[in-house]
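Student: Sharing a structure below in structure tokens format, with a few things to ask.
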Amino acid sequence: MGDTIYFALLYFILPMKRSEVIFIETLRIQFFLKNLFSYSLIKAVRNFPSLFISKVQGLEDPAMKKVRLGGWIELSAIDWPGNLTFMLFLSGCNLACPFCQNRRLIPLESGTLYSLEDVKAKIQRSLELLDALGFGGGEPTLQPEALEELALWAKEKGLKVFIETNGTRPEVLRKLLNSKLLSYVAIDVKAPLRNGDYGVASGKPSMAPEVIRSVQESLRLCASTQVPYEARTTIVPGLTDKEESISAISEELAPLDPVYVLQQFIPSPEVPSPQLREGAPISRKVLLKLARKARQKGISKVFIRTREYGLEGIDKDGSG
Ligand code: SF4
């Protein structure tokens, strides 16, 4: 409409020849095209960095917080007995235990990255049924920011929070405990806290002194809070199935008065050590004998965990 009035003005009202009108129109079109080109150019230049970033990063938003997961169980009744728990298994571990049942989660780049918002949405779907959110691994404390944010979110949703850790990152544990985000902690005590034993059991002999110091600090930390916690040892043939091993661990644990759980190792083709892939699981009888030893060393709350019977408390006389 504006163009029609403008053209009529030039052609009929102003005393201009048709050639003059065409000349002016040509200039006007050139001016319009020039501006259009400039506008497109500015827009393209402005967009270039984001186009470039999108291509490099696969359209990921760098600000979006993520967690690397090896898997999850939406409703677990066994990971934290007495609590229906949504278990998240965070991938990546700083140890290399020869009896690890989650070997594929050991590499730091294993698993898949998920946005925290997606993970929360996943948990939210079964929120009504859940008592707790649990973190296992891999080693969950290697992703402290994701851990903290998810734990905080779970607390706000009224869930309890449970963590299984190898105890090597006491600083992460301390922060979570100080923020009152944890309801229950399970710490691995893989072997007697001596360099030779822990080096073999953790698969990291050169790191043994540092690992032992960290595990001791994590245990002391838990013992100093009101948060219930357990120390757990997997009873592995040739590593921790001797009474002497459990005596040594129990002497270290007794002053801290933890719940102590001896859990049955089950051979599997998945474990890193070829010697541990076959054979019979450690028997309940052996576990009972070792549990008796732990009781004799002064630990009052001793349990065994087997595939057949689950979690069993052990009396003073060593019966289940
Ligand atoms: S601490 Fe040991 S058993 Fe646990 S995930 Fe790491 S390598 Fe496996």
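Here's how to read the names in the structure tokens: chain A, B, ... by the order shown, residue numbers from 1 in each chain, ligand numbers from 1 in the order shown.
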Return as a list in words the residues of protein, DNA or RNA that approach ligand 1 to within 7 Å, with only C-alpha atoms and all ligand atoms taken into account.
Tutor: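 I would give the residues around ligand 1 as Cys93, Asn94, Leu95, Ala96, Cys97, Phe99, Cys100, Gln101, Asn102, Arg103, Leu105, Ile106, Gly137, Gly138, Glu139, Asn166 and Ser202 of chain A.
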Student: Can you tell me which residues surround Leu221 of chain A at a distance of at most 12 Å, considering only C-alpha atoms, apart from same-chain residues fewer than 5 positions away, and format the answer as an MDAnalysis selection string?
Tutor: chainID A and resid 167 169:178 185 187 214:216 226:229 256 258
Student: Determine, for each residue of segment 58-143 of chain A having at least one atom at most 12 Å from an atom of segment 294-313 of chain A, the closest pair of atoms and their separation in Å to one decimal, counting only C-alpha atoms; order by chain and ascending number, as a tab-separated table.
Tutor:
residue	atom	partner	partner_atom	distance
A:Ala77	CA	A:Gly310	CA	11.0
A:Ile78	CA	A:Gly310	CA	8.1
A:Asp79	CA	A:Leu311	CA	10.5
A:Trp80	CA	A:Leu311	CA	10.3
A:Pro81	CA	A:Leu311	CA	8.0
A:Gly82	CA	A:Leu311	CA	10.8
Student: Just the number, please: distance in Å from atom CA of Val261 of chain A to atom CA of Leu129 of chain A, one decimal.
Tutor: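 Spanning atom CA of Val261 of chain A to atom CA of Leu129 of chain A is a straight-line distance of 27.1 Å.
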Student: Hey, what's within 10 Å of segment 159-165 of chain A if we count only C-alpha atoms and toss same-chain stuff fewer than 3 positions away? As a PDB file with C-alpha atoms, in the first residue's frame, please?
Tutor:
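Saved the output as part11.pdb:
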ATOM      1  CA  ASP A  79      20.268 -52.315  47.907  1.00  0.00           C
ATOM      2  CA  TRP A  80      19.151 -50.631  51.136  1.00  0.00           C
ATOM      3  CA  ASN A  83      13.755 -48.951  51.901  1.00  0.00           C
ATOM      4  CA  THR A  85      15.203 -47.201  46.637  1.00  0.00           C
ATOM      5  CA  PHE A  86      15.765 -45.707  43.205  1.00  0.00           C
ATOM      6  CA  MET A  87      19.408 -46.735  42.625  1.00  0.00           C
ATOM      7  CA  LEU A  88      21.642 -44.711  40.325  1.00  0.00           C
ATOM      8  CA  PHE A  89      24.960 -46.289  39.326  1.00  0.00           C
ATOM      9  CA  LEU A 127       8.335 -40.802  43.512  1.00  0.00           C
ATOM     10  CA  LEU A 130       9.957 -44.544  46.778  1.00  0.00           C
ATOM     11  CA  ASP A 131      11.530 -44.191  50.212  1.00  0.00           C
ATOM     12  CA  ALA A 132      15.024 -43.291  49.045  1.00  0.00           C
ATOM     13  CA  LEU A 133      17.439 -42.347  46.313  1.00  0.00           C
ATOM     14  CA  GLY A 134      20.618 -44.451  46.336  1.00  0.00           C
ATOM     15  CA  PHE A 135      23.989 -43.816  44.715  1.00  0.00           C
ATOM     16  CA  GLY A 136      26.282 -46.682  43.773  1.00  0.00           C
ATOM     17  CA  GLY A 137      28.826 -47.224  41.075  1.00  0.00           C
ATOM     18  CA  GLY A 138      31.545 -47.130  39.937  1.00  0.00           C
ATOM     19  CA  GLU A 139      32.483 -44.607  42.582  1.00  0.00           C
ATOM     20  CA  PRO A 140      29.796 -41.938  42.972  1.00  0.00           C
ATOM     21  CA  THR A 141      32.013 -39.431  44.810  1.00  0.00           C
ATOM     22  CA  LEU A 142      34.003 -38.901  41.593  1.00  0.00           C
ATOM     23  CA  LEU A 147      25.850 -36.112  43.475  1.00  0.00           C
ATOM     24  CA  LEU A 150      20.652 -34.891  43.007  1.00  0.00           C
ATOM     25  CA  ALA A 151      20.907 -35.544  46.755  1.00  0.00           C
ATOM     26  CA  LEU A 152      19.604 -32.052  47.523  1.00  0.00           C
ATOM     27  CA  TRP A 153      16.754 -32.459  45.059  1.00  0.00           C
ATOM     28  CA  ALA A 154      15.860 -35.877  46.561  1.00  0.00           C
ATOM     29  CA  LYS A 155      15.824 -34.433  50.095  1.00  0.00           C
ATOM     30  CA  GLU A 156      13.535 -31.636  48.960  1.00  0.00           C
ATOM     31  CA  THR A 168      38.602 -42.760  48.904  1.00  0.00           C
ATOM     32  CA  ARG A 169      37.060 -39.274  48.762  1.00  0.00           C
ATOM     33  CA  PRO A 170      36.406 -38.231  52.370  1.00  0.00           C
ATOM     34  CA  LEU A 173      31.597 -37.338  51.952  1.00  0.00           C
ATOM     35  CA  LYS A 180      22.842 -33.071  56.033  1.00  0.00           C
ATOM     36  CA  LEU A 181      22.108 -34.659  52.681  1.00  0.00           C
ATOM     37  CA  LEU A 182      22.856 -38.277  53.613  1.00  0.00           C
ATOM     38  CA  SER A 183      20.628 -40.707  55.509  1.00  0.00           C
ATOM     39  CA  TYR A 184      22.839 -43.806  55.276  1.00  0.00           C
ATOM     40  CA  VAL A 185      26.428 -44.491  54.179  1.00  0.00           C
ATOM     41  CA  ALA A 186      28.003 -47.823  53.202  1.00  0.00           C
ATOM     42  CA  ILE A 187      31.823 -47.763  53.064  1.00  0.00           C
ATOM     43  CA  ASP A 188      33.924 -50.552  51.589  1.00  0.00           C
ATOM     44  CA  VAL A 189      36.716 -51.926  53.740  1.00  0.00           C
ATOM     45  CA  VAL A 215      39.225 -44.966  53.969  1.00  0.00           C
ATOM     46  CA  SER A 218      35.892 -41.677  55.822  1.00  0.00           C
ATOM     47  CA  TYR A 229      26.581 -46.137  58.421  1.00  0.00           C
ATOM     48  CA  GLU A 230      28.057 -49.532  57.695  1.00  0.00           C
ATOM     49  CA  ALA A 231      31.479 -50.854  56.845  1.00  0.00           C
ATOM     50  CA  ARG A 232      31.307 -53.734  54.383  1.00  0.00           C
TER      51      ARG A 232
END
Student: Suppose you want the space between atom CA of Pro267 of chain A and atom CA of Ala280 of chain A; what is it in Å?
Tutor: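 We find that atom CA of Pro267 of chain A and atom CA of Ala280 of chain A lie 6.9 Å from each other.
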Student: Taking into account only C-alpha atoms, which residue in the set A:Ala146, A:Lys122, A:Glu210, A:Leu90 is nearest to Met64 of chain A?
Tutor: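 Comparing A:Ala146, A:Lys122, A:Glu210, A:Leu90 against Met64 of chain A, the winner is A:Ala146.
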Student: State, in Å with one decimal place, the distance from atom CA of Lys190 of chain A to atom CA of Leu108 of chain A.
Tutor: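 These two atoms are separated by 20.9 Å.
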Student: Apply DSSP to the structure's backbone, then extract all residues of segment 76-275 of chain A labelled strand (DSSP E) and return them as number ranges by chain.
Tutor: A: 76, 85-90, 112-115, 132-137, 160-165, 184-188, 229-235, 259-264
Student: Those residues you just picked out, can you put them in a file as a short mmCIF file (atom, residue, chain, number, x, y, z; two decimals), in the first residue's frame with N, CA and C atoms?
Tutor:
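result.cif written:
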data_model
loop_
_atom_site.label_atom_id
_atom_site.label_comp_id
_atom_site.auth_asym_id
_atom_site.auth_seq_id
_atom_site.Cartn_x
_atom_site.Cartn_y
_atom_site.Cartn_z
N SER A 76 14.38 -50.69 43.91
CA SER A 76 15.17 -51.78 44.48
C SER A 76 14.80 -51.97 45.95
N THR A 85 14.18 -48.18 47.04
CA THR A 85 15.20 -47.20 46.64
C THR A 85 15.35 -47.13 45.12
N PHE A 86 15.40 -45.91 44.61
CA PHE A 86 15.77 -45.71 43.20
C PHE A 86 17.29 -45.65 43.19
N MET A 87 17.94 -46.67 42.61
CA MET A 87 19.41 -46.73 42.62
C MET A 87 19.98 -46.17 41.33
N LEU A 88 20.90 -45.23 41.48
CA LEU A 88 21.64 -44.71 40.33
C LEU A 88 23.07 -45.24 40.42
N PHE A 89 23.58 -45.78 39.33
CA PHE A 89 24.96 -46.29 39.33
C PHE A 89 25.83 -45.33 38.51
N LEU A 90 26.62 -44.54 39.23
CA LEU A 90 27.46 -43.55 38.56
C LEU A 90 28.73 -44.22 38.06
N THR A 112 26.95 -43.36 30.14
CA THR A 112 26.33 -42.37 29.25
C THR A 112 26.05 -41.10 30.05
N LEU A 113 26.25 -39.96 29.38
CA LEU A 113 25.95 -38.68 30.04
C LEU A 113 24.45 -38.39 29.95
N TYR A 114 23.87 -38.07 31.08
CA TYR A 114 22.45 -37.66 31.11
C TYR A 114 22.36 -36.29 31.76
N SER A 115 21.42 -35.49 31.32
CA SER A 115 21.24 -34.22 32.02
C SER A 115 20.59 -34.51 33.36
N ALA A 132 13.65 -43.82 49.06
CA ALA A 132 15.02 -43.29 49.05
C ALA A 132 15.59 -43.23 47.63
N LEU A 133 16.60 -42.36 47.51
CA LEU A 133 17.44 -42.35 46.31
C LEU A 133 18.80 -42.88 46.73
N GLY A 134 19.33 -43.86 46.00
CA GLY A 134 20.62 -44.45 46.34
C GLY A 134 21.64 -44.20 45.24
N PHE A 135 22.90 -44.00 45.68
CA PHE A 135 23.99 -43.82 44.71
C PHE A 135 24.99 -44.94 44.88
N GLY A 136 25.25 -45.66 43.78
CA GLY A 136 26.28 -46.68 43.77
C GLY A 136 27.16 -46.46 42.56
N GLY A 137 27.96 -47.47 42.23
CA GLY A 137 28.83 -47.22 41.08
C GLY A 137 29.41 -48.50 40.52
N LYS A 160 14.86 -40.18 51.41
CA LYS A 160 16.13 -40.37 52.12
C LYS A 160 17.22 -40.59 51.06
N VAL A 161 18.46 -40.38 51.46
CA VAL A 161 19.56 -40.53 50.49
C VAL A 161 20.60 -41.50 51.04
N PHE A 162 20.95 -42.46 50.20
CA PHE A 162 21.86 -43.53 50.58
C PHE A 162 23.04 -43.55 49.60
N ILE A 163 24.24 -43.74 50.13
CA ILE A 163 25.40 -43.79 49.22
C ILE A 163 26.29 -44.99 49.55
N GLU A 164 26.76 -45.65 48.50
CA GLU A 164 27.79 -46.70 48.63
C GLU A 164 29.08 -46.10 48.09
N THR A 165 30.14 -46.17 48.88
CA THR A 165 31.40 -45.55 48.43
C THR A 165 32.60 -46.43 48.80
N TYR A 184 22.14 -42.55 54.99
CA TYR A 184 22.84 -43.81 55.28
C TYR A 184 24.07 -43.90 54.37
N VAL A 185 25.18 -44.37 54.95
CA VAL A 185 26.43 -44.49 54.18
C VAL A 185 26.95 -45.92 54.30
N ALA A 186 27.34 -46.51 53.19
CA ALA A 186 28.00 -47.82 53.20
C ALA A 186 29.41 -47.63 52.65
N ILE A 187 30.42 -47.95 53.48
CA ILE A 187 31.82 -47.76 53.06
C ILE A 187 32.51 -49.12 52.92
N ASP A 188 33.15 -49.32 51.78
CA ASP A 188 33.92 -50.55 51.59
C ASP A 188 35.17 -50.55 52.46
N TYR A 229 25.68 -45.72 59.50
CA TYR A 229 26.58 -46.14 58.42
C TYR A 229 27.00 -47.58 58.64
N GLU A 230 27.51 -48.17 57.58
CA GLU A 230 28.06 -49.53 57.70
C GLU A 230 29.40 -49.60 57.00
N ALA A 231 30.26 -50.47 57.54
CA ALA A 231 31.48 -50.85 56.85
C ALA A 231 31.16 -52.21 56.22
N ARG A 232 31.62 -52.43 55.01
CA ARG A 232 31.31 -53.73 54.38
C ARG A 232 32.56 -54.32 53.73
N THR A 233 32.69 -55.63 53.90
CA THR A 233 33.81 -56.35 53.29
C THR A 233 33.24 -57.47 52.43
N THR A 234 33.66 -57.52 51.18
CA THR A 234 33.28 -58.66 50.33
C THR A 234 34.27 -59.78 50.60
N ILE A 235 33.73 -60.93 50.95
CA ILE A 235 34.60 -62.07 51.30
C ILE A 235 34.97 -62.81 50.01
N VAL A 259 28.02 -50.67 62.00
CA VAL A 259 27.41 -51.91 61.52
C VAL A 259 28.46 -52.52 60.59
N TYR A 260 28.72 -53.82 60.73
CA TYR A 260 29.73 -54.44 59.86
C TYR A 260 29.06 -55.57 59.06
N VAL A 261 29.16 -55.48 57.75
CA VAL A 261 28.51 -56.45 56.87
C VAL A 261 29.57 -57.23 56.09
N LEU A 262 29.50 -58.55 56.21
CA LEU A 262 30.37 -59.42 55.41
C LEU A 262 29.53 -59.94 54.25
N GLN A 263 29.93 -59.63 53.05
CA GLN A 263 29.08 -60.04 51.94
C GLN A 263 29.77 -61.09 51.06
N GLN A 264 28.93 -61.97 50.57
CA GLN A 264 29.39 -63.13 49.80
C GLN A 264 29.86 -62.70 48.40
#
Student: Counting only C-alpha atoms, figure out which residue out of A:Lys66, A:Asp118, A:Asp241, A:Glu145 gets nearest to Lys285 of chain A.
Tutor: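 When distances to Lys285 of chain A are compared using only C-alpha atoms, the smallest one comes from A:Asp241.
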Student: Return the single residue from A:Arg68, A:Pro192, A:Gly158, A:Gln143 that is closest to Glu251 of chain A, with distances computed using only C-alpha atoms.
Tutor: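 Answer, going by the shortest atom-to-atom distance: A:Pro192.
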Student: Please report, as JSON, numbers by chain, each residue of segment 55-108 of chain A to which DSSP assigns helix (DSSP H, G or I) when run on this structure's backbone.
Tutor: {"A": [55, 56, 57, 103, 104, 105]}
Student: So that I have them on file, write out the residues from the current selection with N, CA and C atoms, as a PDB file, in the first residue's frame.
Tutor:
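Generated file (selection10.pdb):
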ATOM      1  N   LYS A  55      28.076 -27.112  16.186  1.00  0.00           N
ATOM      2  CA  LYS A  55      28.647 -28.176  15.377  1.00  0.00           C
ATOM      3  C   LYS A  55      29.673 -28.978  16.195  1.00  0.00           C
ATOM      4  N   VAL A  56      30.535 -28.274  16.937  1.00  0.00           N
ATOM      5  CA  VAL A  56      31.585 -28.942  17.695  1.00  0.00           C
ATOM      6  C   VAL A  56      30.997 -29.771  18.832  1.00  0.00           C
ATOM      7  N   GLN A  57      29.998 -29.220  19.520  1.00  0.00           N
ATOM      8  CA  GLN A  57      29.516 -29.865  20.729  1.00  0.00           C
ATOM      9  C   GLN A  57      28.256 -30.686  20.523  1.00  0.00           C
ATOM     10  N   ARG A 103      32.718 -54.231  36.403  1.00  0.00           N
ATOM     11  CA  ARG A 103      33.958 -53.882  35.707  1.00  0.00           C
ATOM     12  C   ARG A 103      33.747 -52.861  34.589  1.00  0.00           C
ATOM     13  N   ARG A 104      32.626 -52.974  33.873  1.00  0.00           N
ATOM     14  CA  ARG A 104      32.403 -52.076  32.735  1.00  0.00           C
ATOM     15  C   ARG A 104      32.222 -50.624  33.193  1.00  0.00           C
ATOM     16  N   LEU A 105      31.986 -50.417  34.510  1.00  0.00           N
ATOM     17  CA  LEU A 105      31.823 -49.045  35.014  1.00  0.00           C
ATOM     18  C   LEU A 105      33.120 -48.432  35.530  1.00  0.00           C
TER      19      LEU A 105
END
